[in-house]
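Let me begin by presenting the structure, written as structure tokens, before commenting on it.
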Amino acid sequence: MAAMLANLVRPIRTPDFTRNKLSPTPSRTNFRCLASGKSGERSYTLTLLPGDGIGPEVVAVAKEVLSLTGSLEGIKFHFIEMPVGGSALDAVGVPLPDETLNTAKNSDAVLLGAIGGYKWDKNEKHLKPETGLLQLRDGLGVYANIRPAVVLPQLVDASTLKKEVAERVNLVIVRELTGGIYFGKPRGFGTNDNNEDIGFNTEKYSASEIDRIGRVGFEVARKRNGKLCSVDKANVLEASMLWRQRITMLASEYPDVELSHMYVDNAAMQLIRDPKQFDTIVTNNIFGDILSDEASMLTGSIGMLPSASIGESGPGLFEPIHGSAPDIAGQDKANPLATVLSAAMLLKYGLGEESAAKRIETAVIETLNRGFRTGDIFSSGTTLVGCKRMGEEVLKCVDSLMPASVTI
Ligand SMILES: NC(=O)c1ccc[n+]([C@@H]2O[C@H](COP(=O)([O-])OP(=O)(O)OC[C@H]3O[C@@H](n4cnc5c(N)ncnc54)[C@H](O)[C@@H]3O)[C@@H](O)[C@H]2O)c1
């Protein structure tokens, strides 16, 4: 242990940033959305992983929305449903069966509901539903997590912030998902020289890891309002110093994107003080974990927030940010809109089907404009509906082309 700890404090060579070249741009990224002008009928295989709790309820709605959207946009979807999480544990004894992972890998994109529930809470770690989700992300090699936080005008009162601060917030956090302190070695428990218990972890990023997530950040910013804020702790952490250096170097590839840098403590503060200043944020795993949860709460509605996780190649993973909500599972109370919007992200970021994605986003906004609300976003003067009815109302709007008013 002493040797391990010595490693932690051993002076490390200061990187010669001037000799560093940018990692080559990957020949193929998941940003197939950059290809435009799709025509003719397209066909995609989608793996659906309903999972546990409210997962099957919200995925069923998203599947119908995808099917109808596809038929209106000249896209054919072949859906394959597979078990994951607790339902897979019950069926075959593991949270991520090989068949599920292989099917997911061989498809064009993966849509997940949610996993977990009281029933499996006391399972050993390798038999927990959450382990299946981590294995899935790992198996698909998804290293970039993209999470929008949009305060829709219809739901501005759901935010805990003052209306004038919350309204018109529309930002995206791009979080590195497979590196940094959550995975860095050495890690573990031990004792120090005073025989006191210690726990330790390692924040570590390579130049190529930073470059690839940085490129995702720039690409997302480029498709939005061209403003990218890179969040780090470069005043204290060496891993952040390299992060800032690499992101700054990457900026030369994206002259159309305005890059700024911010320390994470300030970013946490600014997100509450003046969230409208942000368009796209790119950050490491741990900072992204915390800031994306903070940003999601700006909107005040967990049932509305989608996410996308993408890799260098292969299918992306698209899922609502909420969990399996066991307290309302099976009661037709779940808000399906986060999963429906995850389906829109699947179309936009996973398949490059921007027009179809826009149709779904517009349909969600129109459904809210028409006053329909599930319990989590209900306020007086609106119409309280269940999960299924909300789905039916979205389908009606998908069916009628409406002008898009907000980009999610
Ligand atoms: N990605 C995932 O699959 C994921 C993420 C988070 C938690 N979980 C798991 O989900 C289980 C429950 O976790 P939790 O209670 O901490 O978080 P949760 O997100 O499931 O629920 C938190 C609260 O929000 C409500 N809620 C969540 N989604 C909703 C929706 N779509 N519509 C209406 N209300 C909604 C729930 O009823 C609950 O009151 C746990 O087993 C946890 O491990 C899974």
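Letters A, B, ... mark the chains of the structure tokens in the order given; residue numbers begin at 1 per chain; ligand numbers begin at 1, in order shown.
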May I have a table of the residues of chain A lying at most 6 Å from ligand 1, giving each one's closest pair of atoms and their distance in Å to one decimal, counting only C-alpha atoms and all ligand atoms, ordered by chain and ascending residue number, as CSV?
residue,atom,partner,partner_atom_place_in_ligand_line,distance
A:Ala114,CA,ligand 1,3 (O),3.4
A:Ile115,CA,ligand 1,3 (O),4.0
A:Gly116,CA,ligand 1,41 (O),3.5
A:Gly117,CA,ligand 1,41 (O),4.0
A:Ile302,CA,ligand 1,28 (N),5.9
A:Gly303,CA,ligand 1,31 (N),3.9
A:Ile321,CA,ligand 1,1 (N),5.9
A:His322,CA,ligand 1,19 (O),3.7
A:Gly323,CA,ligand 1,20 (O),3.2
A:Ser324,CA,ligand 1,10 (O),4.1
A:Ala325,CA,ligand 1,20 (O),3.3
A:Pro326,CA,ligand 1,12 (C),6.0
A:Asp327,CA,ligand 1,37 (O),5.4
A:Ile328,CA,ligand 1,37 (O),5.4
A:Ala334,CA,ligand 1,32 (N),3.7
A:Asn335,CA,ligand 1,32 (N),3.7
A:Pro336,CA,ligand 1,31 (N),5.6
A:Asp376,CA,ligand 1,33 (C),5.0
List every residue of segment 96-154 of chain A that has an atom at most 8 Å from any atom of segment 64-85 of chain A, and for each one report the closest atom pair and its distance in Å to one decimal, counting only C-alpha atoms, with rows sorted by chain and then by increasing residue number, as CSV.
residue,atom,partner,partner_atom,distance
A:Leu96,CA,A:Val84,CA,5.3
A:Pro97,CA,A:Val84,CA,7.3
A:Thr100,CA,A:Met82,CA,5.6
A:Thr103,CA,A:Ile80,CA,7.9
A:Ile115,CA,A:Gly85,CA,5.2
A:Gly116,CA,A:Gly85,CA,6.3
A:Lys128,CA,A:Gly85,CA,7.3
A:Pro129,CA,A:Gly85,CA,3.9
A:Glu130,CA,A:Gly85,CA,6.6
A:Thr131,CA,A:Gly85,CA,7.8
A:Gly132,CA,A:Gly85,CA,5.5
A:Leu133,CA,A:Gly85,CA,7.0
Please, could you write that set of residues out with C-alpha atoms as an mmCIF file, in the first residue's frame?
data_model
loop_
_atom_site.group_PDB
_atom_site.id
_atom_site.type_symbol
_atom_site.label_atom_id
_atom_site.label_comp_id
_atom_site.auth_asym_id
_atom_site.auth_seq_id
_atom_site.Cartn_x
_atom_site.Cartn_y
_atom_site.Cartn_z
ATOM 1 C CA LEU A 96 -27.270 -7.801 -18.749
ATOM 2 C CA PRO A 97 -27.641 -11.075 -20.689
ATOM 3 C CA THR A 100 -29.197 -8.326 -24.912
ATOM 4 C CA THR A 103 -28.574 -7.427 -30.013
ATOM 5 C CA ILE A 115 -33.824 -0.125 -14.465
ATOM 6 C CA GLY A 116 -33.976 -0.875 -10.755
ATOM 7 C CA LYS A 128 -27.886 -5.436 -9.103
ATOM 8 C CA PRO A 129 -29.904 -3.966 -12.003
ATOM 9 C CA GLU A 130 -27.601 -0.901 -11.978
ATOM 10 C CA THR A 131 -24.636 -3.167 -12.761
ATOM 11 C CA GLY A 132 -26.408 -4.164 -15.959
ATOM 12 C CA LEU A 133 -26.672 -0.529 -16.999
#
Legend entry - Surrounding residues of Thr202 of chain A excluding itself and chain neighbours under 2 positions, 6 Å, only C-alpha atoms, as an NGL selection string: :A and (181 or 184-185)
Inset, instruction - Would you return as a PyMOL selection string the members of segment 40-236 of chain A that DSSP assigns to strand (DSSP E) on this structure's backbone? - result: chain A and resi 42-51+75-81+109-114+144-150+170-176+188-191+197-200+227-232
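Look at Asn284 of chain A: the protein and nucleic acid residues within 6 Å of it, using only C-alpha atoms and passing over chain neighbours fewer than 2 places away, are Arg175, Glu176, Ile286, Phe287 and Gly288 of chain A.
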Legend entry - Polymer residues at most 9 Å from Ser208 of chain A, only C-alpha atoms, same-chain spacing of 4 or more positions, as number ranges by chain: A: 22-24, 212-213, 246
Near-Lys227 of chain A list (9 Å; only C-alpha atoms; drop same-chain fewer than 3 positions) as a PDB file with N, CA and C atoms, in the first residue's frame:
ATOM      1  N   PHE A 218     -17.671  20.378 -29.291  1.00  0.00           N
ATOM      2  CA  PHE A 218     -17.655  21.375 -30.376  1.00  0.00           C
ATOM      3  C   PHE A 218     -18.747  21.076 -31.411  1.00  0.00           C
ATOM      4  N   ALA A 221     -22.095  22.086 -30.007  1.00  0.00           N
ATOM      5  CA  ALA A 221     -22.194  23.558 -29.975  1.00  0.00           C
ATOM      6  C   ALA A 221     -22.432  24.104 -31.379  1.00  0.00           C
ATOM      7  N   ARG A 222     -21.731  23.517 -32.338  1.00  0.00           N
ATOM      8  CA  ARG A 222     -21.849  23.965 -33.731  1.00  0.00           C
ATOM      9  C   ARG A 222     -23.273  23.796 -34.242  1.00  0.00           C
ATOM     10  N   ARG A 224     -25.864  23.993 -32.385  1.00  0.00           N
ATOM     11  CA  ARG A 224     -26.776  24.841 -31.615  1.00  0.00           C
ATOM     12  C   ARG A 224     -26.425  26.304 -31.902  1.00  0.00           C
ATOM     13  N   ASP A 256     -15.831  28.387 -36.089  1.00  0.00           N
ATOM     14  CA  ASP A 256     -17.194  28.921 -35.987  1.00  0.00           C
ATOM     15  C   ASP A 256     -17.765  28.790 -34.570  1.00  0.00           C
ATOM     16  N   VAL A 257     -17.020  28.146 -33.666  1.00  0.00           N
ATOM     17  CA  VAL A 257     -17.523  27.973 -32.293  1.00  0.00           C
ATOM     18  C   VAL A 257     -16.717  28.875 -31.353  1.00  0.00           C
ATOM     19  N   GLU A 258     -17.446  29.626 -30.535  1.00  0.00           N
ATOM     20  CA  GLU A 258     -16.808  30.517 -29.560  1.00  0.00           C
ATOM     21  C   GLU A 258     -16.555  29.725 -28.276  1.00  0.00           C
ATOM     22  N   LEU A 259     -15.268  29.562 -27.925  1.00  0.00           N
ATOM     23  CA  LEU A 259     -14.908  28.743 -26.767  1.00  0.00           C
ATOM     24  C   LEU A 259     -14.615  29.619 -25.552  1.00  0.00           C
ATOM     25  N   SER A 260     -15.130  29.205 -24.395  1.00  0.00           N
ATOM     26  CA  SER A 260     -14.737  29.842 -23.136  1.00  0.00           C
ATOM     27  C   SER A 260     -14.408  28.737 -22.131  1.00  0.00           C
ATOM     28  N   PHE A 278     -25.333  30.024 -20.682  1.00  0.00           N
ATOM     29  CA  PHE A 278     -24.742  28.808 -21.244  1.00  0.00           C
ATOM     30  C   PHE A 278     -25.514  28.318 -22.460  1.00  0.00           C
ATOM     31  N   ASP A 279     -24.745  27.820 -23.421  1.00  0.00           N
ATOM     32  CA  ASP A 279     -25.367  27.143 -24.559  1.00  0.00           C
ATOM     33  C   ASP A 279     -24.970  25.658 -24.499  1.00  0.00           C
ATOM     34  N   THR A 280     -23.683  25.373 -24.719  1.00  0.00           N
ATOM     35  CA  THR A 280     -23.186  24.002 -24.609  1.00  0.00           C
ATOM     36  C   THR A 280     -22.028  23.992 -23.610  1.00  0.00           C
ATOM     37  N   ILE A 281     -22.062  23.024 -22.704  1.00  0.00           N
ATOM     38  CA  ILE A 281     -20.985  22.860 -21.724  1.00  0.00           C
ATOM     39  C   ILE A 281     -20.326  21.510 -21.991  1.00  0.00           C
TER      40      ILE A 281
END
Inset, instruction - Tell me, in Å to one decimal, how far atom CA of Asn235 of chain A is from atom CA of Tyr182 of chain A. - result: 20.9 Å
Got a sec: who's within 7 Å of segment 292-299 of chain A, counting only C-alpha atoms, leaving out chain neighbours fewer than 2 positions off, as a compact mmCIF listing (two decimals) with N, CA and C atoms, in the first residue's frame?
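Contents of result_38.txt, as written:
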# COMPACT_ATOMS: atom_id res chain seq x y z
N ARG A 147 -26.78 15.76 -22.39
CA ARG A 147 -28.00 15.99 -21.62
C ARG A 147 -28.50 17.42 -21.80
N ALA A 149 -30.94 20.56 -20.97
CA ALA A 149 -31.80 21.06 -19.90
C ALA A 149 -32.52 22.29 -20.47
N VAL A 150 -33.76 22.08 -20.80
CA VAL A 150 -34.54 23.13 -21.45
C VAL A 150 -35.73 23.48 -20.57
N VAL A 151 -35.86 24.76 -20.27
CA VAL A 151 -37.05 25.20 -19.53
C VAL A 151 -38.09 25.61 -20.57
N ALA A 158 -42.58 25.22 -13.02
CA ALA A 158 -42.11 24.01 -12.34
C ALA A 158 -40.70 24.20 -11.80
N SER A 159 -39.97 25.21 -12.32
CA SER A 159 -38.61 25.45 -11.86
C SER A 159 -38.63 26.06 -10.46
N THR A 160 -37.60 25.71 -9.67
CA THR A 160 -37.51 26.30 -8.34
C THR A 160 -36.87 27.69 -8.41
N LEU A 161 -36.34 28.04 -9.58
CA LEU A 161 -35.75 29.38 -9.73
C LEU A 161 -36.83 30.41 -10.05
N ALA A 166 -35.28 31.51 -14.82
CA ALA A 166 -35.47 30.19 -15.44
C ALA A 166 -35.94 30.26 -16.88
N ILE A 173 -25.43 19.78 -21.64
CA ILE A 173 -24.16 19.40 -21.01
C ILE A 173 -23.63 18.14 -21.68
N LEU A 271 -24.68 28.42 -12.93
CA LEU A 271 -25.85 27.67 -13.41
C LEU A 271 -27.12 28.08 -12.65
N GLY A 288 -19.34 16.58 -14.77
CA GLY A 288 -20.54 16.45 -15.59
C GLY A 288 -21.66 15.75 -14.83
N ASP A 289 -21.30 14.78 -14.03
CA ASP A 289 -22.29 14.06 -13.23
C ASP A 289 -23.04 15.06 -12.34
N ILE A 290 -22.27 15.89 -11.66
CA ILE A 290 -22.87 16.82 -10.70
C ILE A 290 -23.60 17.96 -11.43
N SER A 301 -38.49 19.33 -13.66
CA SER A 301 -39.36 18.24 -14.09
C SER A 301 -38.56 17.05 -14.59
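Nearest residue to Ala357 of chain A among A:Gly300, A:Gly51, A:Gly226, A:Leu341 is A:Leu341, counting only C-alpha atoms.
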